[in-house]
Number of protein chains: 2
Amino acid sequence: VQVVTDWRTGTTDDVRAAYDRARGEYSALRARGLKLNLGRGKPSEEQLDLSNALLSLPGDGDYRAADGTDCRNYGGVQGLPEIRAIFAPMLGAPVEQVIAAGNASLTLMHDAMAFALRHGVAGGRPWAEQGPVTFLCPVPGYDRHFTICDGHGVRMLTVPLTGHGPDMDAVESIAGGDASVKGMWCVPKYSNPTGEVYADEVVERLARMKTAAPDFRLFWDNAYGVHHLTPQGREIANILALAERHGNADRPFVFASTSKITFAGSGVAFFASSAANVKWMLGHLERATIGPDKINQLRHARLLKDANGLAAHMQKHARSLAPKFQAVDRVFTARLGGAGIAAWTRPEGGYFVSLDVMKGCATRTIALAKDAGIVVVPAGSTFPYGSDPEDRNIRIAPSYPTLEEVELAAEGLALSVLVAAGEAVLAQRGEAVATR
Amino acid sequence: VQVVTDWRTGTTDDVRAAYDRARGEYSALRARGLKLNLGRGKPSEEQLDLSNALLSLPGDGDYRAADGTDCRNYGGVQGLPEIRAIFAPMLGAPVEQVIAAGNASLTLMHDAMAFALRHGVAGGRPWAEQGPVTFLCPVPGYDRHFTICDGHGVRMLTVPLTGHGPDMDAVESIAGGDASVKGMWCVPKYSNPTGEVYADEVVERLARMKTAAPDFRLFWDNAYGVHHLTPQGREIANILALAERHGNADRPFVFASTSKITFAGSGVAFFASSAANVKWMLGHLERATIGPDKINQLRHARLLKDANGLAAHMQKHARSLAPKFQAVDRVFTARLGGAGIAAWTRPEGGYFVSLDVMKGCATRTIALAKDAGIVVVPAGSTFPYGSDPEDRNIRIAPSYPTLEEVELAAEGLALSVLVAAGEAVLAQRGEAVATR
């Protein structure tokens with residue numbers, strides 16, 4: 001049994017020995033000229049194959065919705081009732097309060113932000129006319145959320161995640177005291193990248209809290225609502241129902257899509273909210289479109305059939321994905337366990353492992369991995385403005401490569417963590433290290 | 001042979017007789033309780049059937065683009081090269097200067113307007129920060145263009161159409177003298193609703209003219225680029241090439257879609273422009289999407305194959321549509337010819353007949369038609385702010401109903417024109433008329 005050195009407290013000789021060993025293995029791995037990518041949360045070909053029936057659906061002569069609508073023609077901005085019915089349970093809203101739109105929930109989020117800034121939310125004045133607009137951003141978070149804020153000139157204020165959702169004392173204090181805080185990003189389930197699931201109490205407090213801005217909105221990106229990695233899955237409290245109970249029915253904008261359920265680029269996106277908010281959203285969407293791709297919505301309804309069909313479909317994804325997440329954990333545990341230089345998540349769903357390395361080491365770790373042919377998103381990606389104040393967080397997306405590639409990439413990344421940490425620890429102790 | 005009375009110059013007795021006859025026929029028609037719609041330019045079921053192969057395309061196992069891209073996954077904001085190649089000739093742009101996007105060119109127009117207002121066009125300051133923004137609107141025009149302006153607070157200034165494009169003396173004078181004029185709507189081919197085709201000289205002058213605003217843009221909605229009603233078809237000058245030749249390469253934003261080529265709600269939209277403008281557009285689109293529905297683009301490429309396949313496909317549409325347009329003209333000629341109370345277009349392509357009735361009679365004509373179960377778009381729809389200053393123009397869309405229904409609807413509309421005109425002429429002459 002190998003005795004593991006805690007690099008923070010171990011002797012310099014022990015750290016030096018562990019570092020030299022890691023450096024040697026890293027160099028050998030780098031020499032293999034790998035080309036692996038743990039960067040983007042893309043489904044694998046094996047996962048995409050699960051939905052290949054879409055390639056010939058809805059099929060000859062099948063273009064009528066249950067209500068008789070010819071899905072081939074214009075119209076129906078709210079989307080097909082049958083596809084809304086399948087996703088309504090996941091969204092926690094009645095079918096009438098669900099919009100089925102185009103292929104990207106990101107577009108709905110972007111548009112909701114643009115509409116709120118320019119026209120105001122339902123019953124409110126334009127955000128852009130009320131002075132600076134601030135959004136709360138739990139961190140680490142999703143870079144594309146931050147890009148939407150940045151592109152619209154919305155200031156971002158970070159709040160820490162706790163492992164079961166954002167630090168609600170911080171959220172309540174800031175949102176309650178600053179009327180420029182018009183909204184907050186939330187990925188409430190299997191969060192990107194930490195994988196955490198918002199506790200019921202957190203959801204309750206988000207629904208209930210007093211906000212200085214009367215037109216405050218939760219941008220509730222439930223991107224991974226049915227994306228379990230375990231057979232049992234996790235549930236979250238219903239933000240729409242809780243908000244309504246606390247007299248804040250119009251607070252949550254709920255977003256989701258089939259991007260990681262069927263074909264990533266060819267899915268259906270959803271918006272669910274209060275009746276007033278749905279009316280508001282439709283009113284704005286109607287100026288930009290005559291309606292969504294209803295044939296694609298029918299295609300999806302034919303594939304998934306109902307909420308049970310959706311659940312069964314997601315179990316197939318889990319069977320493909322879970323071993324990859326287990327591989328990352330297995331490799332990290334073997335390589336990094338007990339060394340005190342890294343912590344990582346063991347998510348029960350979603351698409352990411354969040355890896356925290358020693359303070360100041362994320363950029364170097366990522367550069368080492370890149371040199372060894374292993375790509376992850378740039379350091380800082382999980383923070384607003386691309387800036388991780390402690391340079392610690394690394395997002396890992398194990399979905400796209402094969403299981404063997406994930407194992408190899410995790411090895412390489414773990415070795416990069418060790419090398420970067422060794423350099424830092426030895427430098428701290430005044431030791432010389434060659435960094436190439 | 002019936003001698004036709006010109007109602008403007010005929011005796012009051014003759015007008016009264018013609019009016020009474022029309023009133024009687026109108027009442028009989030109204031009693032039939034028809035339910036016909038000439039309102040929206042929707043393809044008919046027969047037309048949609050032409051593309052039914054899309055319902056099972058691309059087909060089992062077919063998801064790779066020519067360059068090897070797995071179309072099922074994320075990415076590729078500019079869209080598939082093969083679908084861009086099919087439409088590049090129609091758009092008059094090299095493939096690299098074409099973006100293939102989602103299902104609605106209207107969305108691209110809406111977004112281009114929003115991006116220009118908020119961020120400025122390529123190399124320019126945000127339009128919204130430069131004071132009021134004005135768009136030139138040739139009239140009669142497309143109501144959804146006007147809605148985009150209205151929704152963004154953009155002022156609309158009308159310029160008359162001449163039968164071969166906008167009155168260029170007026171356009172040059174206004175755009176050349178008023179720096180708030182940042183853009184202009186153009187439907188250059190088989191225009192909505194007049195059906196006119198911009199003359200080469202008009203396109204040349206639009207490309208060449210001096211504009212007071214250096215960041216002026218033509219919103220060139222070539223919605224009917226291949227939508228001929230005649231075997232030979234009409235061509236227009238290449239606005240992108242001409243603008244480049246005159247040193248105004250960044251002036252035109254060209255829009256188009258397959259909405260009236262394949263399935264109206266499930267098509268592919270296009271944007272074509274200068275390299276700088278394409279880069280600008282992609283930069284903004286990238287914040288709102290990870291990419292378009294590439295499987296739908298592949299599906300369309302499989303159906304249409306190439307520009308020749310597209311042309312052959314459009315000939316099938318023409319065979320279905322042309323008899324409906326001929327029916328409208330035949331009925332109008334029989335009912336209204338020589339009476340001097342109405343003029344209408346005989347388009348060689350596109351989706352609309354534009355009917356001008358006597359000054360002040362459009363609202364009444366449309367109300368009479370509606371009472372008889374024949375729906376057209378509300379009076380004023382073809383003008384900014386829904387306001388036709390002379391209350392004369394009525395847009396007719398004969399595509400959706402069957403040929404028999406079109407004939408019947410045209411009869412009813414013609415009778416409504418006669419009744420409304422009779423009321424007006426007789427009232428002008430101090431005669432009593434019962435208007436119910």
# chains A, B, ... in the order shown; residues from 1 in each chain; ligands from 1

$ residues_around --residues "Ala17 of chain B" --least-positions-apart "4" --cutoff "12 Å" --atoms "only C-alpha atoms" --output "number ranges by chain"
B: 4-5, 7, 10-13, 21-24, 418-419, 422, 426

$ interface_residues --of "chain A" --to "chain B" --cutoff "7 Å" --atoms "only C-alpha atoms" --output "JSON list (two decimals) with all heavy atoms, in the first residue's frame"
[["chain", "number", "residue", "atom", "x", "y", "z"],
["A", 42, "LYS", "N", -20.66, 18.46, -24.60],
["A", 42, "LYS", "CA", -21.36, 17.94, -25.79],
["A", 42, "LYS", "C", -21.71, 16.48, -25.59],
["A", 42, "LYS", "O", -20.88, 15.69, -25.10],
["A", 42, "LYS", "CB", -20.44, 18.05, -27.02],
["A", 42, "LYS", "CG", -20.14, 19.46, -27.46],
["A", 42, "LYS", "CD", -18.98, 19.51, -28.46],
["A", 42, "LYS", "CE", -19.32, 18.85, -29.79],
["A", 42, "LYS", "NZ", -18.21, 19.05, -30.78],
["A", 48, "LEU", "N", -25.93, 10.52, -28.99],
["A", 48, "LEU", "CA", -26.73, 11.02, -30.12],
["A", 48, "LEU", "C", -27.44, 9.88, -30.83],
["A", 48, "LEU", "O", -28.58, 10.01, -31.27],
["A", 48, "LEU", "CB", -25.83, 11.79, -31.09],
["A", 48, "LEU", "CG", -25.22, 13.08, -30.51],
["A", 48, "LEU", "CD1", -24.11, 13.60, -31.42],
["A", 48, "LEU", "CD2", -26.28, 14.16, -30.32],
["A", 55, "LEU", "N", -34.10, 11.05, -37.24],
["A", 55, "LEU", "CA", -33.63, 11.28, -38.61],
["A", 55, "LEU", "C", -34.68, 10.92, -39.65],
["A", 55, "LEU", "O", -34.61, 11.38, -40.79],
["A", 55, "LEU", "CB", -32.34, 10.49, -38.87],
["A", 55, "LEU", "CG", -31.12, 10.92, -38.05],
["A", 55, "LEU", "CD1", -30.00, 9.91, -38.20],
["A", 55, "LEU", "CD2", -30.66, 12.31, -38.46],
["A", 56, "SER", "N", -35.65, 10.11, -39.26],
["A", 56, "SER", "CA", -36.72, 9.80, -40.23],
["A", 56, "SER", "C", -38.12, 10.02, -39.63],
["A", 56, "SER", "O", -39.12, 9.57, -40.19],
["A", 56, "SER", "CB", -36.57, 8.39, -40.78],
["A", 56, "SER", "OG", -36.24, 7.49, -39.76],
["A", 57, "LEU", "N", -38.18, 10.73, -38.51],
["A", 57, "LEU", "CA", -39.47, 11.12, -37.93],
["A", 57, "LEU", "C", -39.82, 12.54, -38.40],
["A", 57, "LEU", "O", -38.93, 13.29, -38.74],
["A", 57, "LEU", "CB", -39.39, 11.09, -36.40],
["A", 57, "LEU", "CG", -39.51, 9.70, -35.75],
["A", 57, "LEU", "CD1", -39.24, 9.79, -34.24],
["A", 57, "LEU", "CD2", -40.88, 9.09, -36.00],
["A", 58, "PRO", "N", -41.08, 12.94, -38.38],
["A", 58, "PRO", "CA", -42.26, 12.17, -37.97],
["A", 58, "PRO", "C", -42.65, 11.09, -38.96],
["A", 58, "PRO", "O", -43.44, 10.23, -38.63],
["A", 58, "PRO", "CB", -43.34, 13.25, -37.86],
["A", 58, "PRO", "CG", -42.88, 14.35, -38.74],
["A", 58, "PRO", "CD", -41.40, 14.34, -38.72],
["A", 59, "GLY", "N", -42.12, 11.10, -40.16],
["A", 59, "GLY", "CA", -42.40, 10.04, -41.14],
["A", 59, "GLY", "C", -43.48, 10.43, -42.13],
["A", 59, "GLY", "O", -44.22, 11.40, -41.95],
["A", 60, "ASP", "N", -43.53, 9.65, -43.19],
["A", 60, "ASP", "CA", -44.46, 9.94, -44.31],
["A", 60, "ASP", "C", -45.87, 10.23, -43.84],
["A", 60, "ASP", "O", -46.48, 9.42, -43.13],
["A", 60, "ASP", "CB", -44.50, 8.75, -45.27],
["A", 60, "ASP", "CG", -43.30, 8.75, -46.20],
["A", 60, "ASP", "OD1", -42.50, 9.71, -46.13],
["A", 60, "ASP", "OD2", -43.17, 7.80, -46.97],
["A", 72, "ARG", "N", -46.83, 21.77, -40.70],
["A", 72, "ARG", "CA", -45.92, 22.24, -41.75],
["A", 72, "ARG", "C", -46.06, 23.74, -42.01],
["A", 72, "ARG", "O", -45.17, 24.37, -42.55],
["A", 72, "ARG", "CB", -46.21, 21.49, -43.06],
["A", 72, "ARG", "CG", -46.07, 19.98, -42.95],
["A", 72, "ARG", "CD", -46.59, 19.28, -44.20],
["A", 72, "ARG", "NE", -48.00, 19.61, -44.46],
["A", 72, "ARG", "CZ", -48.68, 19.19, -45.52],
["A", 72, "ARG", "NH1", -48.08, 18.43, -46.44],
["A", 72, "ARG", "NH2", -49.95, 19.52, -45.67],
["A", 73, "ASN", "N", -47.19, 24.30, -41.65],
["A", 73, "ASN", "CA", -47.46, 25.68, -42.01],
["A", 73, "ASN", "C", -47.04, 26.66, -40.90],
["A", 73, "ASN", "O", -46.55, 26.25, -39.85],
["A", 73, "ASN", "CB", -48.94, 25.86, -42.37],
["A", 73, "ASN", "CG", -49.10, 26.74, -43.62],
["A", 73, "ASN", "OD1", -48.37, 27.71, -43.78],
["A", 73, "ASN", "ND2", -50.04, 26.39, -44.48],
["A", 74, "TYR", "N", -47.25, 27.91, -41.15],
["A", 74, "TYR", "CA", -46.92, 28.97, -40.20],
["A", 74, "TYR", "C", -47.79, 28.88, -38.94],
["A", 74, "TYR", "O", -48.87, 28.30, -38.95],
["A", 74, "TYR", "CB", -47.23, 30.33, -40.83],
["A", 74, "TYR", "CG", -46.26, 30.84, -41.85],
["A", 74, "TYR", "CD1", -46.67, 31.04, -43.17],
["A", 74, "TYR", "CD2", -44.95, 31.14, -41.52],
["A", 74, "TYR", "CE1", -45.80, 31.55, -44.14],
["A", 74, "TYR", "CE2", -44.08, 31.65, -42.48],
["A", 74, "TYR", "CZ", -44.51, 31.85, -43.77],
["A", 74, "TYR", "OH", -43.64, 32.36, -44.72],
["A", 103, "ASN", "N", -34.43, 25.94, -31.21],
["A", 103, "ASN", "CA", -33.51, 24.87, -30.84],
["A", 103, "ASN", "C", -32.58, 25.21, -29.69],
["A", 103, "ASN", "O", -31.73, 24.40, -29.35],
["A", 103, "ASN", "CB", -32.67, 24.45, -32.06],
["A", 103, "ASN", "CG", -31.56, 25.46, -32.37],
["A", 103, "ASN", "OD1", -31.76, 26.66, -32.18],
["A", 103, "ASN", "ND2", -30.42, 25.00, -32.81],
["A", 104, "ALA", "N", -32.74, 26.38, -29.05],
["A", 104, "ALA", "CA", -31.75, 26.75, -28.04],
["A", 104, "ALA", "C", -32.39, 27.55, -26.90],
["A", 104, "ALA", "O", -32.94, 28.63, -27.13],
["A", 104, "ALA", "CB", -30.63, 27.58, -28.67],
["A", 106, "LEU", "N", -30.67, 28.91, -24.76],
["A", 106, "LEU", "CA", -29.78, 30.06, -24.64],
["A", 106, "LEU", "C", -30.37, 31.27, -25.37],
["A", 106, "LEU", "O", -30.28, 32.40, -24.88],
["A", 106, "LEU", "CB", -28.42, 29.71, -25.26],
["A", 106, "LEU", "CG", -27.26, 30.63, -24.89],
["A", 106, "LEU", "CD1", -26.86, 30.44, -23.44],
["A", 106, "LEU", "CD2", -26.05, 30.37, -25.79],
["A", 107, "THR", "N", -31.00, 31.03, -26.51],
["A", 107, "THR", "CA", -31.63, 32.11, -27.26],
["A", 107, "THR", "C", -32.79, 32.70, -26.46],
["A", 107, "THR", "O", -32.96, 33.93, -26.42],
["A", 107, "THR", "CB", -32.12, 31.58, -28.62],
["A", 107, "THR", "OG1", -31.03, 31.00, -29.32],
["A", 107, "THR", "CG2", -32.72, 32.70, -29.46],
["A", 110, "HIS", "N", -31.24, 34.82, -23.74],
["A", 110, "HIS", "CA", -30.72, 36.04, -24.35],
["A", 110, "HIS", "C", -31.86, 37.00, -24.69],
["A", 110, "HIS", "O", -31.80, 38.20, -24.39],
["A", 110, "HIS", "CB", -29.94, 35.66, -25.62],
["A", 110, "HIS", "CG", -29.45, 36.82, -26.42],
["A", 110, "HIS", "ND1", -30.22, 37.46, -27.37],
["A", 110, "HIS", "CD2", -28.27, 37.48, -26.42],
["A", 110, "HIS", "CE1", -29.53, 38.45, -27.90],
["A", 110, "HIS", "NE2", -28.34, 38.48, -27.35],
["A", 147, "THR", "N", -21.75, 35.60, -20.57],
["A", 147, "THR", "CA", -21.62, 36.26, -21.87],
["A", 147, "THR", "C", -22.89, 37.04, -22.22],
["A", 147, "THR", "O", -22.81, 38.13, -22.79],
["A", 147, "THR", "CB", -21.32, 35.22, -22.97],
["A", 147, "THR", "OG1", -20.13, 34.52, -22.61],
["A", 147, "THR", "CG2", -21.13, 35.87, -24.32],
["A", 148, "ILE", "N", -24.05, 36.48, -21.87],
["A", 148, "ILE", "CA", -25.30, 37.20, -22.12],
["A", 148, "ILE", "C", -25.32, 38.51, -21.33],
["A", 148, "ILE", "O", -25.67, 39.57, -21.86],
["A", 148, "ILE", "CB", -26.52, 36.32, -21.77],
["A", 148, "ILE", "CG1", -26.70, 35.23, -22.84],
["A", 148, "ILE", "CG2", -27.79, 37.16, -21.63],
["A", 148, "ILE", "CD1", -27.79, 34.23, -22.53],
["A", 263, "PHE", "N", -30.92, 15.55, -30.06],
["A", 263, "PHE", "CA", -29.77, 16.05, -30.81],
["A", 263, "PHE", "C", -29.41, 17.43, -30.27],
["A", 263, "PHE", "O", -30.26, 18.33, -30.24],
["A", 263, "PHE", "CB", -30.08, 16.15, -32.30],
["A", 263, "PHE", "CG", -30.29, 14.83, -32.99],
["A", 263, "PHE", "CD1", -30.92, 14.77, -34.23],
["A", 263, "PHE", "CD2", -29.84, 13.64, -32.44],
["A", 263, "PHE", "CE1", -31.10, 13.56, -34.89],
["A", 263, "PHE", "CE2", -30.02, 12.42, -33.09],
["A", 263, "PHE", "CZ", -30.66, 12.38, -34.31],
["A", 264, "ALA", "N", -28.14, 17.63, -29.94],
["A", 264, "ALA", "CA", -27.73, 18.86, -29.25],
["A", 264, "ALA", "C", -28.09, 20.12, -30.04],
["A", 264, "ALA", "O", -28.50, 21.13, -29.47],
["A", 264, "ALA", "CB", -26.24, 18.82, -28.96],
["A", 265, "GLY", "N", -27.95, 20.06, -31.36],
["A", 265, "GLY", "CA", -28.20, 21.26, -32.16],
["A", 265, "GLY", "C", -29.60, 21.33, -32.73],
["A", 265, "GLY", "O", -29.98, 22.34, -33.31],
["A", 266, "SER", "N", -30.36, 20.29, -32.59],
["A", 266, "SER", "CA", -31.63, 20.20, -33.33],
["A", 266, "SER", "C", -32.80, 19.90, -32.41],
["A", 266, "SER", "O", -33.74, 19.19, -32.77],
["A", 266, "SER", "CB", -31.53, 19.10, -34.40],
["A", 266, "SER", "OG", -30.47, 19.37, -35.27],
["A", 287, "ARG", "N", -43.14, 39.44, -32.32],
["A", 287, "ARG", "CA", -42.59, 40.46, -33.22],
["A", 287, "ARG", "C", -41.42, 39.92, -34.04],
["A", 287, "ARG", "O", -41.04, 40.52, -35.04],
["A", 287, "ARG", "CB", -42.13, 41.68, -32.41],
["A", 287, "ARG", "CG", -43.30, 42.55, -31.99],
["A", 287, "ARG", "CD", -42.82, 43.98, -31.80],
["A", 287, "ARG", "NE", -41.77, 44.03, -30.79],
["A", 287, "ARG", "CZ", -41.97, 44.18, -29.50],
["A", 287, "ARG", "NH1", -43.20, 44.32, -29.04],
["A", 287, "ARG", "NH2", -40.98, 44.20, -28.66],
["A", 288, "ALA", "N", -40.83, 38.81, -33.58],
["A", 288, "ALA", "CA", -39.63, 38.30, -34.23],
["A", 288, "ALA", "C", -39.85, 37.00, -34.97],
["A", 288, "ALA", "O", -38.96, 36.55, -35.69],
["A", 288, "ALA", "CB", -38.52, 38.12, -33.19],
["A", 289, "THR", "N", -41.00, 36.38, -34.81],
["A", 289, "THR", "CA", -41.22, 35.09, -35.47],
["A", 289, "THR", "C", -42.70, 34.85, -35.68],
["A", 289, "THR", "O", -43.53, 35.36, -34.93],
["A", 289, "THR", "CB", -40.62, 33.94, -34.64],
["A", 289, "THR", "OG1", -40.87, 32.70, -35.34],
["A", 289, "THR", "CG2", -41.25, 33.84, -33.26],
["A", 291, "GLY", "N", -43.65, 31.76, -35.65],
["A", 291, "GLY", "CA", -43.83, 30.52, -34.91],
["A", 291, "GLY", "C", -42.60, 29.64, -34.98],
["A", 291, "GLY", "O", -41.75, 29.83, -35.84],
["A", 292, "PRO", "N", -42.51, 28.68, -34.06],
["A", 292, "PRO", "CA", -41.35, 27.79, -34.03],
["A", 292, "PRO", "C", -41.49, 26.66, -35.06],
["A", 292, "PRO", "O", -42.52, 26.56, -35.73],
["A", 292, "PRO", "CB", -41.40, 27.23, -32.61],
["A", 292, "PRO", "CG", -42.87, 27.17, -32.30],
["A", 292, "PRO", "CD", -43.48, 28.36, -33.00],
["A", 293, "ASP", "N", -40.48, 25.83, -35.14],
["A", 293, "ASP", "CA", -40.48, 24.67, -36.04],
["A", 293, "ASP", "C", -41.37, 23.59, -35.42],
["A", 293, "ASP", "O", -40.91, 22.77, -34.64],
["A", 293, "ASP", "CB", -39.04, 24.19, -36.23],
["A", 293, "ASP", "CG", -38.94, 23.02, -37.20],
["A", 293, "ASP", "OD1", -39.98, 22.39, -37.50],
["A", 293, "ASP", "OD2", -37.82, 22.74, -37.66],
["A", 294, "LYS", "N", -42.65, 23.62, -35.80],
["A", 294, "LYS", "CA", -43.60, 22.68, -35.20],
["A", 294, "LYS", "C", -43.37, 21.24, -35.67],
["A", 294, "LYS", "O", -43.70, 20.31, -34.93],
["A", 294, "LYS", "CB", -45.04, 23.11, -35.53],
["A", 294, "LYS", "CG", -45.44, 24.44, -34.91],
["A", 294, "LYS", "CD", -46.91, 24.75, -35.11],
["A", 294, "LYS", "CE", -47.30, 24.89, -36.55],
["A", 294, "LYS", "NZ", -46.60, 25.99, -37.29],
["A", 295, "ILE", "N", -42.85, 21.07, -36.85],
["A", 295, "ILE", "CA", -42.54, 19.70, -37.29],
["A", 295, "ILE", "C", -41.46, 19.10, -36.39],
["A", 295, "ILE", "O", -41.54, 17.92, -36.01],
["A", 295, "ILE", "CB", -42.08, 19.69, -38.78],
["A", 295, "ILE", "CG1", -43.28, 19.96, -39.70],
["A", 295, "ILE", "CG2", -41.40, 18.37, -39.14],
["A", 295, "ILE", "CD1", -44.24, 18.79, -39.86]]

$ select_by_dssp --residues "segment 83-234 of chain B" --states "helix (DSSP H, G or I)" --output "PyMOL selection string"
chain B and resi 83-91+95-97+105-119+127-130+143-151+168-177+200-208

$ atom_distance --atom1 "atom CA of Gly92 of chain B" --atom2 "atom CA of Thr69 of chain B"
25.8 Å

$ closest_residue --among "A:Phe325, A:Tyr190, A:Tyr142, A:Trp280" --to "Gly120 of chain A" --atoms "only C-alpha atoms"
A:Trp280

$ atom_distance --atom1 "atom CA of Phe332 of chain B" --atom2 "atom CA of Tyr19 of chain B"
15.9 Å

$ atom_distance --atom1 "atom CA of Phe216 of chain A" --atom2 "atom CA of Gln130 of chain A"
12.6 Å

$ residues_around --residues "Leu38 of chain A" --least-positions-apart "4" --cutoff "9 Å" --atoms "only C-alpha atoms" --output "JSON, numbers by chain"
{"A": [374, 375, 376, 377, 395, 396, 397, 398, 399, 400, 401, 406, 409, 410]}

$ closest_atom_pairs --of "segment 359-392 of chain A" --to "segment 133-139 of chain A" --cutoff "10 Å" --atoms "only C-alpha atoms" --output "CSV"
residue,atom,partner,partner_atom,distance
A:Thr382,CA,A:Val139,CA,6.9
A:Phe383,CA,A:Val139,CA,6.2
A:Pro384,CA,A:Cys137,CA,7.6
A:Asp388,CA,A:Val139,CA,9.2

$ write_last_selection --atoms "C-alpha atoms" --output "PDB file, in the first residue's frame"
ATOM      1  CA  THR A 382     -16.635  29.535 -14.802  1.00  0.00           C
ATOM      2  CA  PHE A 383     -16.505  33.095 -13.445  1.00  0.00           C
ATOM      3  CA  PRO A 384     -17.917  36.391 -14.718  1.00  0.00           C
ATOM      4  CA  ASP A 388     -11.443  33.362 -11.278  1.00  0.00           C
TER       5      ASP A 388
END

$ select_by_dssp --residues "segment 248-357 of chain B" --states "strand (DSSP E or B)" --output "count of residues only"
19

$ residues_around --residues "Asn393 of chain B" --least-positions-apart "6" --cutoff "10 Å" --atoms "only C-alpha atoms" --output "PyMOL selection string"
chain B and resi 139-140+193-194+342-344+354-363+379-383

$ write_last_selection --atoms "N, CA and C atoms" --output "tab-separated table (two decimals), in the first residue's frame"
chain	number	residue	atom	x	y	z
B	139	VAL	N	-44.14	52.10	-49.59
B	139	VAL	CA	-45.52	51.68	-49.34
B	139	VAL	C	-46.29	51.54	-50.65
B	140	PRO	N	-47.29	50.61	-50.62
B	140	PRO	CA	-47.61	49.69	-49.53
B	140	PRO	C	-46.50	48.65	-49.32
B	193	PRO	N	-46.95	44.13	-50.84
B	193	PRO	CA	-47.93	43.33	-51.58
B	193	PRO	C	-48.03	43.64	-53.07
B	194	THR	N	-47.26	44.58	-53.58
B	194	THR	CA	-47.56	45.06	-54.95
B	194	THR	C	-47.07	44.12	-56.04
B	342	ALA	N	-61.45	50.72	-59.00
B	342	ALA	CA	-60.45	49.83	-58.40
B	342	ALA	C	-59.34	49.55	-59.40
B	343	ALA	N	-58.14	49.34	-58.86
B	343	ALA	CA	-57.00	48.92	-59.67
B	343	ALA	C	-56.28	47.83	-58.90
B	344	TRP	N	-55.78	46.86	-59.59
B	344	TRP	CA	-55.10	45.76	-58.91
B	344	TRP	C	-53.90	45.31	-59.72
B	354	SER	N	-52.20	43.27	-54.90
B	354	SER	CA	-52.47	44.53	-54.22
B	354	SER	C	-53.65	45.20	-54.91
B	355	LEU	N	-54.67	45.46	-54.14
B	355	LEU	CA	-55.91	46.04	-54.68
B	355	LEU	C	-56.08	47.44	-54.13
B	356	ASP	N	-56.19	48.40	-55.00
B	356	ASP	CA	-56.49	49.77	-54.57
B	356	ASP	C	-57.93	50.09	-54.92
B	357	VAL	N	-58.69	50.48	-53.91
B	357	VAL	CA	-60.09	50.85	-54.13
B	357	VAL	C	-60.21	52.37	-54.10
B	358	MET	N	-61.43	52.89	-54.19
B	358	MET	CA	-61.60	54.34	-54.14
B	358	MET	C	-61.12	54.89	-52.80
B	359	LYS	N	-60.61	56.10	-52.86
B	359	LYS	CA	-60.14	56.77	-51.67
B	359	LYS	C	-61.20	56.70	-50.56
B	360	GLY	N	-60.77	56.27	-49.37
B	360	GLY	CA	-61.68	56.22	-48.24
B	360	GLY	C	-62.54	54.96	-48.18
B	361	CYS	N	-62.34	54.01	-49.09
B	361	CYS	CA	-63.24	52.85	-49.17
B	361	CYS	C	-62.63	51.53	-48.70
B	362	ALA	N	-61.34	51.49	-48.35
B	362	ALA	CA	-60.73	50.20	-48.02
B	362	ALA	C	-61.34	49.62	-46.74
B	363	THR	N	-61.46	50.44	-45.72
B	363	THR	CA	-61.99	49.96	-44.44
B	363	THR	C	-63.40	49.39	-44.61
B	379	ALA	N	-57.57	46.84	-42.83
B	379	ALA	CA	-57.21	48.04	-43.60
B	379	ALA	C	-56.03	48.73	-42.92
B	380	GLY	N	-55.12	49.25	-43.69
B	380	GLY	CA	-53.97	49.94	-43.15
B	380	GLY	C	-52.77	49.04	-42.88
B	381	SER	N	-52.97	47.72	-42.95
B	381	SER	CA	-51.88	46.78	-42.63
B	381	SER	C	-50.64	46.98	-43.48
B	382	THR	N	-50.83	47.48	-44.69
B	382	THR	CA	-49.69	47.60	-45.58
B	382	THR	C	-48.96	48.94	-45.42
B	383	PHE	N	-49.34	49.68	-44.38
B	383	PHE	CA	-48.70	50.97	-44.09
B	383	PHE	C	-48.16	50.99	-42.66

$ closest_residue --among "B:Ala66, B:Leu242, B:Met90, B:Val171" --to "Leu310 of chain B" --atoms "only C-alpha atoms"
B:Met90

$ residues_around --residues "Glu201 of chain B" --least-positions-apart "6" --cutoff "10 Å" --atoms "only C-alpha atoms" --output "NGL selection string"
:B and (164-165 or 168 or 207 or 237)

$ write_last_selection --atoms "C-alpha atoms" --output "mmCIF file, in the first residue's frame"
data_model
loop_
_atom_site.group_PDB
_atom_site.id
_atom_site.type_symbol
_atom_site.label_atom_id
_atom_site.label_comp_id
_atom_site.auth_asym_id
_atom_site.auth_seq_id
_atom_site.Cartn_x
_atom_site.Cartn_y
_atom_site.Cartn_z
ATOM 1 C CA HIS B 164 -40.684 49.210 -60.522
ATOM 2 C CA GLY B 165 -39.408 49.975 -57.031
ATOM 3 C CA MET B 168 -35.685 57.011 -56.011
ATOM 4 C CA ALA B 207 -26.340 50.867 -54.145
ATOM 5 C CA ALA B 237 -29.686 43.297 -60.222
#
